[in-house]
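Below: one structure, written as structure tokens.
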Amino acid sequence: MAQTYDLIVIGTGPGGYVGAIRAAQLGFRVAVVEKRPRHGGTCLNVGCIPSKALLHASERFEEARAHFADLGIKVTPKLDLAQMMAHKDKSVADNTQGIDYLFKKNKIAVHRGHGRIVAPGQVEVTPVEEGGEKGGEPEHIEAPHIVIATGSEVAQLPGIEIDEARIVSSTGALALPSVPKQLVVVGGGVIGLELGSVWRRLGAKVTVIEYLDRLVPGMDGELAKHFKRILQKQGMTIKTGHKVTGVKVNAKSLEVAIEPSNGGEAQSLKAAAMLVAVGRVPYTEGLGLEELGVKKDNHGRVIVNERYETNVAGIHAVGDVIAGPMLAHKAEEEGIALAELLAGQAGHVNYDVIPNVIYTAPEVASVGKTEEELKSAGVAYRVGKFPFSANGRARIAGHGEGFVKVLADKESDRILGVHIIGPDAGTMIAEAAVIMEFSGSAEDLARTCHAHPTLTEAVKEAALAVAGRALHI
Ligand code: FAD
Ligand code: NAD
């Protein structure tokens, strides 16, 4: 006899596990299905958490090496990579165990194995052995509502085979056993620049090859230009407008062939390792969607309506597997909204206010529209900018690089976008998101008392600058 529930969630990444908890809070009997040994999906196991652990540790290493002396602290740091990796692994274990606790607390049933939707309302769970092979007797579970929260996987570069030893994806780059002498990063997006920064700080000579003529496509252009200059100053070699055409794998090194994106003279780069970070693609393998007729778009994303319903009744989807930015917090909000909609509440995600953060040093953070988007939409706007070089707290810490930029509607003064490159930008962007959720104006932000001396005063000053009345510049 199949076990029955109100809701079955396939995949326990941020979209699945948070949605499951919210549904349990609302009184649903919930089961989750997960094929990895640990919950948390990409984010906790091989994404947000391990990458931030290495970013945190390597940033401290670089500070100790290059900046402590300015503060009157003399040290010569020595890298213990094995301990840095152990700290990363412990961070992952602590966080994933946290989900086990939350599932128990919320009485969520856990079914371990690969989930396949055999018919609307019915899921078959096949045990997965170590190494990923399926095996053993499948079990059958049933529920009127099924949520696909199966996330995404690494996008491949045609003709280049990722071996996770020397030619690595983000997963391999989070676990290199030693610092590569030279690291070639393919893709100047968020993964390439975060993990490229980690290995540069630890001693690798890092070269980033980006196909487009700019870094971090989608981010505000002015920020991206400034970011590129800072990364170059830190010692990263950045080749925008270039592509990788092949890799020769020798016994001891890689020879990476590159050429300008629009054609031109080819070059060869010697590397000890290469990171392929050209994006991620939705993951729906073995879910049974083709047999069920669940529709996907031409990027392989499951198509849903504003209630996260697919075209097949009772089957829903959230997170990286559907359209939108591939971000953990976006997936979480969708999981919550879906649970609330199923409970008859007004679940909703405001896609205009989803912050985006790159956890380099300095950090890059944005929410809302970029200048390019406003221009192409023909929206009249005003800009207020304030540099961290004029912020007392940033100067104390030696973090004077970067700026805050506030974009506000020319007529109504409503804030349309906030873009920050600077220390702790990822934390500060939250106040911009809150004020935008309340449709606040630049004047609202400018008239809010900000504590002194804090980095957030730069946000207030940028809001003041929208009306041409910044005080400290
Ligand atoms: P996932 O987290 O991918 O989870 C899907 C889960 O479903 C997996 O556990 C998988 O094993 C399971 N699954 C799949 N198919 C089946 C099946 N058939 N049966 C059973 N289980 C199945 N985002 C941020 O917001 N901030 C960051 O700092 C950040 N850093 C990142 C760093 C890296 C290196 C990477 C790769 C990603 C990062 N991301 C970050 C993106 C973030 O990880 C994803 O947006 C997020 O994990 C998506 O959540 P999800 O629930 O949709 O899917
Ligand atoms: P991305 O889309 O951020 O960047 C990929 C980059 O590769 C782009 O700049 C693209 O122009 C470039 N590119 C594509 N094909 C190329 C080619 N053949 N040669 C050279 N360059 C090429 O993707 P990513 O960095 O792989 O990250 C994947 C996803 O994971 C992102 O969507 C991101 O949202 C998420 N993520 C988020 C965070 C964070 O929030 N801090 C961190 C890591 C990953």
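To be explicit about the labels: the chains of the structure tokens are called A, B, and onward in the order shown, and within each one the residues are counted from 1, while ligands get numbers from 1 in the order they are shown.
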Among stretch 24-196 of chain A, which ones does DSSP place in strand (DSSP E or B), written as a PyMOL selection string?
chain A and resi 30-34+109-112+114-119+122-126+128+134+139-142+145-148+152-154+167-168+182-186
For the selection you just gave me, I'd like the residues written to a file as a short mmCIF file (atom, residue, chain, number, x, y, z; two decimals), in the first residue's frame, keeping N, CA and C atoms.
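Heads up, here's the output in selection.cif:
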```cif
data_model
loop_
_atom_site.label_atom_id
_atom_site.label_comp_id
_atom_site.auth_asym_id
_atom_site.auth_seq_id
_atom_site.Cartn_x
_atom_site.Cartn_y
_atom_site.Cartn_z
N VAL A 30 3.27 16.53 4.84
CA VAL A 30 4.26 16.72 3.78
C VAL A 30 5.30 15.60 3.76
N ALA A 31 5.64 15.17 2.54
CA ALA A 31 6.78 14.26 2.37
C ALA A 31 7.77 14.92 1.41
N VAL A 32 9.06 14.70 1.66
CA VAL A 32 10.06 15.15 0.71
C VAL A 32 10.81 13.94 0.16
N VAL A 33 11.30 14.09 -1.08
CA VAL A 33 12.08 13.03 -1.72
C VAL A 33 13.42 13.64 -2.11
N GLU A 34 14.52 13.02 -1.70
CA GLU A 34 15.84 13.59 -2.02
C GLU A 34 16.80 12.46 -2.35
N ALA A 109 7.93 13.95 6.46
CA ALA A 109 8.46 12.60 6.19
C ALA A 109 9.53 12.68 5.11
N VAL A 110 10.63 11.97 5.34
CA VAL A 110 11.74 12.00 4.38
C VAL A 110 11.82 10.65 3.66
N HIS A 111 11.78 10.70 2.32
CA HIS A 111 11.97 9.50 1.51
C HIS A 111 13.26 9.68 0.72
N ARG A 112 14.22 8.82 0.97
CA ARG A 112 15.52 8.97 0.31
C ARG A 112 15.55 8.17 -0.97
N HIS A 114 15.70 8.48 -5.67
CA HIS A 114 15.37 9.25 -6.87
C HIS A 114 13.86 9.23 -7.08
N GLY A 115 13.26 10.40 -7.18
CA GLY A 115 11.81 10.48 -7.36
C GLY A 115 11.44 10.53 -8.83
N ARG A 116 10.40 9.78 -9.18
CA ARG A 116 9.86 9.85 -10.55
C ARG A 116 8.35 9.94 -10.44
N ILE A 117 7.78 10.86 -11.18
CA ILE A 117 6.31 11.00 -11.13
C ILE A 117 5.75 10.01 -12.15
N VAL A 118 5.12 8.95 -11.64
CA VAL A 118 4.65 7.91 -12.57
C VAL A 118 3.28 8.25 -13.13
N ALA A 119 2.53 9.06 -12.38
CA ALA A 119 1.21 9.52 -12.83
C ALA A 119 0.86 10.70 -11.94
N GLN A 122 1.18 10.41 -8.07
CA GLN A 122 1.94 9.21 -7.67
C GLN A 122 3.44 9.38 -7.95
N VAL A 123 4.22 9.12 -6.92
CA VAL A 123 5.67 9.22 -7.07
C VAL A 123 6.32 7.90 -6.69
N GLU A 124 7.25 7.49 -7.54
CA GLU A 124 8.02 6.27 -7.25
C GLU A 124 9.40 6.72 -6.77
N VAL A 125 9.84 6.16 -5.65
CA VAL A 125 11.14 6.56 -5.09
C VAL A 125 12.08 5.36 -5.15
N THR A 126 13.14 5.50 -5.96
CA THR A 126 14.10 4.40 -6.10
C THR A 126 15.35 4.72 -5.29
N VAL A 128 19.02 5.29 -4.03
CA VAL A 128 20.23 5.64 -4.77
C VAL A 128 21.43 5.23 -3.94
N LYS A 134 21.26 3.95 -9.23
CA LYS A 134 19.96 3.59 -8.65
C LYS A 134 19.93 2.09 -8.39
N GLU A 139 9.86 2.44 -3.62
CA GLU A 139 8.63 2.57 -2.83
C GLU A 139 7.69 3.53 -3.55
N HIS A 140 6.42 3.47 -3.23
CA HIS A 140 5.44 4.32 -3.90
C HIS A 140 4.74 5.21 -2.88
N ILE A 141 4.67 6.49 -3.18
CA ILE A 141 3.97 7.41 -2.30
C ILE A 141 2.99 8.23 -3.13
N GLU A 142 1.96 8.75 -2.46
CA GLU A 142 0.90 9.45 -3.19
C GLU A 142 0.49 10.73 -2.50
N HIS A 145 -0.98 16.81 -4.45
CA HIS A 145 -0.10 17.86 -4.97
C HIS A 145 1.35 17.38 -4.96
N ILE A 146 2.02 17.57 -6.09
CA ILE A 146 3.44 17.21 -6.21
C ILE A 146 4.20 18.47 -6.64
N VAL A 147 5.33 18.72 -5.99
CA VAL A 147 6.14 19.90 -6.34
C VAL A 147 7.47 19.44 -6.91
N ILE A 148 7.78 19.91 -8.11
CA ILE A 148 9.09 19.65 -8.70
C ILE A 148 10.02 20.76 -8.23
N SER A 152 19.00 22.68 -10.63
CA SER A 152 19.76 22.85 -11.87
C SER A 152 21.08 22.10 -11.79
N GLU A 153 21.75 22.02 -12.93
CA GLU A 153 23.08 21.39 -12.97
C GLU A 153 23.99 22.27 -13.83
N VAL A 154 25.28 21.94 -13.81
CA VAL A 154 26.29 22.74 -14.52
C VAL A 154 26.05 22.68 -16.03
N ILE A 167 40.06 19.77 -15.06
CA ILE A 167 39.04 20.59 -15.74
C ILE A 167 37.79 20.47 -14.88
N VAL A 168 37.52 21.54 -14.13
CA VAL A 168 36.51 21.42 -13.07
C VAL A 168 35.30 22.32 -13.32
N GLN A 182 48.45 28.06 -12.17
CA GLN A 182 47.66 28.94 -13.04
C GLN A 182 46.26 28.34 -13.15
N LEU A 183 45.26 29.19 -13.02
CA LEU A 183 43.87 28.75 -13.17
C LEU A 183 43.22 29.57 -14.27
N VAL A 184 42.72 28.88 -15.30
CA VAL A 184 41.95 29.58 -16.34
C VAL A 184 40.48 29.39 -16.00
N VAL A 185 39.75 30.50 -15.93
CA VAL A 185 38.32 30.46 -15.62
C VAL A 185 37.57 30.79 -16.90
N VAL A 186 36.69 29.90 -17.32
CA VAL A 186 35.87 30.20 -18.51
C VAL A 186 34.53 30.71 -18.02
#
```
Applying 9 Å and only C-alpha atoms, which residues near stretch 233-248 of chain A remain after dropping the ones on its own chain fewer than 4 positions away? List them as an NGL selection string.
:A and (159-160 or 186-188 or 196-197 or 200-201 or 205-215 or 228-229 or 253-263 or 266)
Pick from A:Val418, A:Val190, A:Asp320, A:Ala337, whichever lies nearest to A:Val353 using only C-alpha atoms
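Checking each of A:Val418, A:Val190, A:Asp320, A:Ala337 against A:Val353, counting only C-alpha atoms, the winner is A:Val418.
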For a quick check of understanding, using only C-alpha atoms, which of A:Leu55, A:Ala462, A:Ile49, A:Val179 has the smallest distance to A:Asp94?
A:Ile49
Env of A:Val364: 7 Å cut, atoms = only C-alpha atoms, seq-sep filter 6 positions within chain, self excluded. Answer as a PyMOL selection string.
chain A and resi 357-358+420-422+425-426
Counting only C-alpha atoms and all ligand atoms, which residue out of A:Ile8, A:Cys43, A:Ala86, A:Val406 sits closest to ligand 2?
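Among the listed residues, A:Cys43 lies closest to ligand 2.
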Between A:Pro387, A:Gly398, A:Gly368, A:Gly151, single out the one closest to A:Ala433, counting only C-alpha atoms.
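The closest residue to A:Ala433 is A:Gly368.
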From the DSSP assignment of the backbone, select every residue of stretch 177-314 of chain A that is alpha helix (DSSP H), and format the answer as a PyMOL selection string.
chain A and resi 190-201+221-233+289-292
Please dump the current selection as a PDB file, in the first residue's frame; keep C-alpha atoms.
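Result file is part29.pdb:
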```pdb
ATOM      1  CA  VAL A 190      29.256  35.127 -10.634  1.00  0.00           C
ATOM      2  CA  ILE A 191      30.788  31.659 -10.129  1.00  0.00           C
ATOM      3  CA  GLY A 192      33.893  32.454 -12.185  1.00  0.00           C
ATOM      4  CA  LEU A 193      34.589  35.664 -10.289  1.00  0.00           C
ATOM      5  CA  GLU A 194      33.776  34.313  -6.806  1.00  0.00           C
ATOM      6  CA  LEU A 195      35.795  31.105  -7.129  1.00  0.00           C
ATOM      7  CA  GLY A 196      38.455  32.822  -9.257  1.00  0.00           C
ATOM      8  CA  SER A 197      38.884  35.278  -6.362  1.00  0.00           C
ATOM      9  CA  VAL A 198      39.239  32.439  -3.851  1.00  0.00           C
ATOM     10  CA  TRP A 199      42.092  30.773  -5.739  1.00  0.00           C
ATOM     11  CA  ARG A 200      43.812  34.066  -6.636  1.00  0.00           C
ATOM     12  CA  ARG A 201      43.882  35.022  -2.950  1.00  0.00           C
ATOM     13  CA  GLY A 221      27.015  48.347 -16.657  1.00  0.00           C
ATOM     14  CA  GLU A 222      28.766  51.060 -14.639  1.00  0.00           C
ATOM     15  CA  LEU A 223      29.139  48.686 -11.694  1.00  0.00           C
ATOM     16  CA  ALA A 224      30.450  45.936 -13.968  1.00  0.00           C
ATOM     17  CA  LYS A 225      33.134  48.263 -15.405  1.00  0.00           C
ATOM     18  CA  HIS A 226      34.226  49.380 -11.940  1.00  0.00           C
ATOM     19  CA  PHE A 227      34.230  45.760 -10.742  1.00  0.00           C
ATOM     20  CA  LYS A 228      36.482  44.714 -13.635  1.00  0.00           C
ATOM     21  CA  ARG A 229      39.014  47.447 -12.794  1.00  0.00           C
ATOM     22  CA  ILE A 230      39.094  46.421  -9.124  1.00  0.00           C
ATOM     23  CA  LEU A 231      39.561  42.729  -9.949  1.00  0.00           C
ATOM     24  CA  GLN A 232      42.383  43.592 -12.357  1.00  0.00           C
ATOM     25  CA  LYS A 233      44.031  45.732  -9.699  1.00  0.00           C
ATOM     26  CA  LEU A 289       8.003  14.640 -17.314  1.00  0.00           C
ATOM     27  CA  GLU A 290       8.073  13.617 -20.976  1.00  0.00           C
ATOM     28  CA  GLU A 291       5.793  10.618 -20.322  1.00  0.00           C
ATOM     29  CA  LEU A 292       3.387  12.848 -18.368  1.00  0.00           C
TER      30      LEU A 292
END
```
Which one is closest to ligand 2: A:Leu287, A:Val294, A:Val404, A:Leu275? Count only C-alpha atoms and all ligand atoms.
A:Leu275
As a list in words, please: the residues near A:Ala397 (cut-off 12 Å, only C-alpha atoms, same-chain neighbours under 5 positions excluded).
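The neighbour list is Glu63, His67, Phe68, Asp70, Leu71, Phe388, Ser389, Asn391, Gly392, Gly422, Pro423, Asp424, Pro453, Thr454 and Leu455 of chain A.
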Keeping N, CA and C atoms for every residue in the selection just given, could you write it to a file as a PDB file, in the first residue's frame?
```pdb
ATOM      1  N   GLU A  63      43.639  39.448   3.805  1.00  0.00           N
ATOM      2  CA  GLU A  63      43.706  40.607   4.726  1.00  0.00           C
ATOM      3  C   GLU A  63      44.944  40.500   5.609  1.00  0.00           C
ATOM      4  N   HIS A  67      46.935  43.468   4.431  1.00  0.00           N
ATOM      5  CA  HIS A  67      46.348  44.668   5.047  1.00  0.00           C
ATOM      6  C   HIS A  67      46.553  44.809   6.556  1.00  0.00           C
ATOM      7  N   PHE A  68      46.845  43.677   7.248  1.00  0.00           N
ATOM      8  CA  PHE A  68      46.979  43.778   8.711  1.00  0.00           C
ATOM      9  C   PHE A  68      48.108  44.724   9.115  1.00  0.00           C
ATOM     10  N   ASP A  70      49.022  47.482   7.937  1.00  0.00           N
ATOM     11  CA  ASP A  70      48.546  48.876   7.986  1.00  0.00           C
ATOM     12  C   ASP A  70      47.874  49.196   9.319  1.00  0.00           C
ATOM     13  N   LEU A  71      47.334  48.165   9.955  1.00  0.00           N
ATOM     14  CA  LEU A  71      46.616  48.363  11.221  1.00  0.00           C
ATOM     15  C   LEU A  71      47.541  48.168  12.418  1.00  0.00           C
ATOM     16  N   PHE A 388      32.401  55.214  -1.439  1.00  0.00           N
ATOM     17  CA  PHE A 388      32.823  54.782  -0.100  1.00  0.00           C
ATOM     18  C   PHE A 388      34.088  55.511   0.363  1.00  0.00           C
ATOM     19  N   SER A 389      34.815  56.126  -0.587  1.00  0.00           N
ATOM     20  CA  SER A 389      36.020  56.879  -0.188  1.00  0.00           C
ATOM     21  C   SER A 389      35.642  58.083   0.678  1.00  0.00           C
ATOM     22  N   ASN A 391      33.160  57.855   2.982  1.00  0.00           N
ATOM     23  CA  ASN A 391      32.438  57.309   4.130  1.00  0.00           C
ATOM     24  C   ASN A 391      33.452  56.975   5.235  1.00  0.00           C
ATOM     25  N   GLY A 392      33.240  57.567   6.413  1.00  0.00           N
ATOM     26  CA  GLY A 392      34.212  57.439   7.498  1.00  0.00           C
ATOM     27  C   GLY A 392      34.518  56.004   7.872  1.00  0.00           C
ATOM     28  N   GLY A 422      31.030  47.609  -2.970  1.00  0.00           N
ATOM     29  CA  GLY A 422      31.737  48.104  -1.801  1.00  0.00           C
ATOM     30  C   GLY A 422      31.665  47.120  -0.655  1.00  0.00           C
ATOM     31  N   PRO A 423      32.269  47.485   0.495  1.00  0.00           N
ATOM     32  CA  PRO A 423      32.305  46.564   1.637  1.00  0.00           C
ATOM     33  C   PRO A 423      30.896  46.239   2.121  1.00  0.00           C
ATOM     34  N   ASP A 424      30.634  44.964   2.359  1.00  0.00           N
ATOM     35  CA  ASP A 424      29.346  44.542   2.922  1.00  0.00           C
ATOM     36  C   ASP A 424      28.135  44.947   2.079  1.00  0.00           C
ATOM     37  N   PRO A 453      29.199  55.949  13.126  1.00  0.00           N
ATOM     38  CA  PRO A 453      29.659  55.817  11.744  1.00  0.00           C
ATOM     39  C   PRO A 453      29.380  54.417  11.204  1.00  0.00           C
ATOM     40  N   THR A 454      28.583  54.332  10.180  1.00  0.00           N
ATOM     41  CA  THR A 454      28.319  53.025   9.541  1.00  0.00           C
ATOM     42  C   THR A 454      28.453  53.156   8.032  1.00  0.00           C
ATOM     43  N   LEU A 455      28.618  52.001   7.400  1.00  0.00           N
ATOM     44  CA  LEU A 455      28.690  51.964   5.936  1.00  0.00           C
ATOM     45  C   LEU A 455      27.362  52.388   5.324  1.00  0.00           C
TER      46      LEU A 455
END
```
Which is closer to A:Glu437 than all the others in A:Ala458, A:Ala155, A:Val349, A:Leu464, using only C-alpha atoms?
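Counting only C-alpha atoms, the residue closest to A:Glu437 is A:Val349.
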Could you jot down the atom CA of A:Gln3 to atom 52 (O, counted along the ligand's line) of ligand 1 separation for me, Å, one decimal place?
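Result for atom CA of A:Gln3 versus atom 52 (O, counted along the ligand's line) of ligand 1: 25.4 Å, one decimal.
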Taking 4 positions as the minimum chain separation for residues in the same chain, which residues sit within 12 Å of A:Asp163 when counting only C-alpha atoms? Answer as a list in words.
Gln156, Ile167, Val168, Ser169, Ser170, Thr171, Gly172, Ala173, Val249, Ala273, Met274, Leu275 and Val276 of chain A
Env of A:Arg301: 7 Å cut, atoms = only C-alpha atoms, seq-sep filter 2 positions within chain, self excluded. Answer as a list in words.
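Contacts, with the query itself left out: Pro282, Lys296, Asp297, His299, Ile303, Val321, Ile322 and Ala323 of chain A.
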A:Ile415 surroundings by only C-alpha atoms, 9 Å radius, close-in-sequence under 2 positions cut, as a tab-separated table (two decimals) with N, CA and C atoms, in the first residue's frame:
```tsv
chain	number	residue	atom	x	y	z
A	368	GLY	N	16.42	45.63	-8.21
A	368	GLY	CA	15.63	46.48	-9.11
A	368	GLY	C	16.30	46.67	-10.45
A	406	VAL	N	21.80	55.07	-6.51
A	406	VAL	CA	20.34	54.96	-6.35
A	406	VAL	C	19.70	55.53	-7.62
A	407	LEU	N	18.78	54.76	-8.20
A	407	LEU	CA	18.06	55.22	-9.39
A	407	LEU	C	16.60	55.45	-8.98
A	408	ALA	N	16.12	56.67	-9.23
A	408	ALA	CA	14.74	56.99	-8.82
A	408	ALA	C	13.97	57.59	-9.98
A	409	ASP	N	12.67	57.33	-10.00
A	409	ASP	CA	11.81	57.87	-11.06
A	409	ASP	C	11.87	59.40	-11.04
A	412	SER	N	8.11	60.81	-9.87
A	412	SER	CA	7.56	60.43	-8.55
A	412	SER	C	8.63	60.28	-7.47
A	413	ASP	N	9.89	60.16	-7.85
A	413	ASP	CA	11.02	59.94	-6.93
A	413	ASP	C	11.04	58.51	-6.37
A	417	GLY	N	15.85	51.26	-8.58
A	417	GLY	CA	16.98	50.34	-8.52
A	417	GLY	C	18.06	50.87	-7.59
A	418	VAL	N	18.77	49.96	-6.93
A	418	VAL	CA	19.91	50.36	-6.10
A	418	VAL	C	21.06	49.40	-6.42
A	432	ALA	N	17.64	48.56	0.84
A	432	ALA	CA	17.09	49.03	-0.44
A	432	ALA	C	15.88	48.15	-0.82
A	435	ILE	N	12.83	49.13	1.33
A	435	ILE	CA	12.17	50.39	0.94
A	435	ILE	C	11.47	50.23	-0.41
A	436	MET	N	12.05	49.42	-1.29
A	436	MET	CA	11.39	49.20	-2.59
A	436	MET	C	10.10	48.39	-2.45
A	439	SER	N	7.42	50.61	-1.91
A	439	SER	CA	7.34	51.64	-2.96
A	439	SER	C	7.88	52.97	-2.46
A	440	GLY	N	8.94	52.93	-1.66
A	440	GLY	CA	9.49	54.15	-1.07
A	440	GLY	C	10.21	55.02	-2.09
A	441	SER	N	10.41	56.26	-1.72
A	441	SER	CA	11.08	57.22	-2.60
A	441	SER	C	12.52	57.43	-2.12
A	442	ALA	N	13.30	58.10	-2.99
A	442	ALA	CA	14.67	58.44	-2.59
A	442	ALA	C	14.62	59.37	-1.39
```
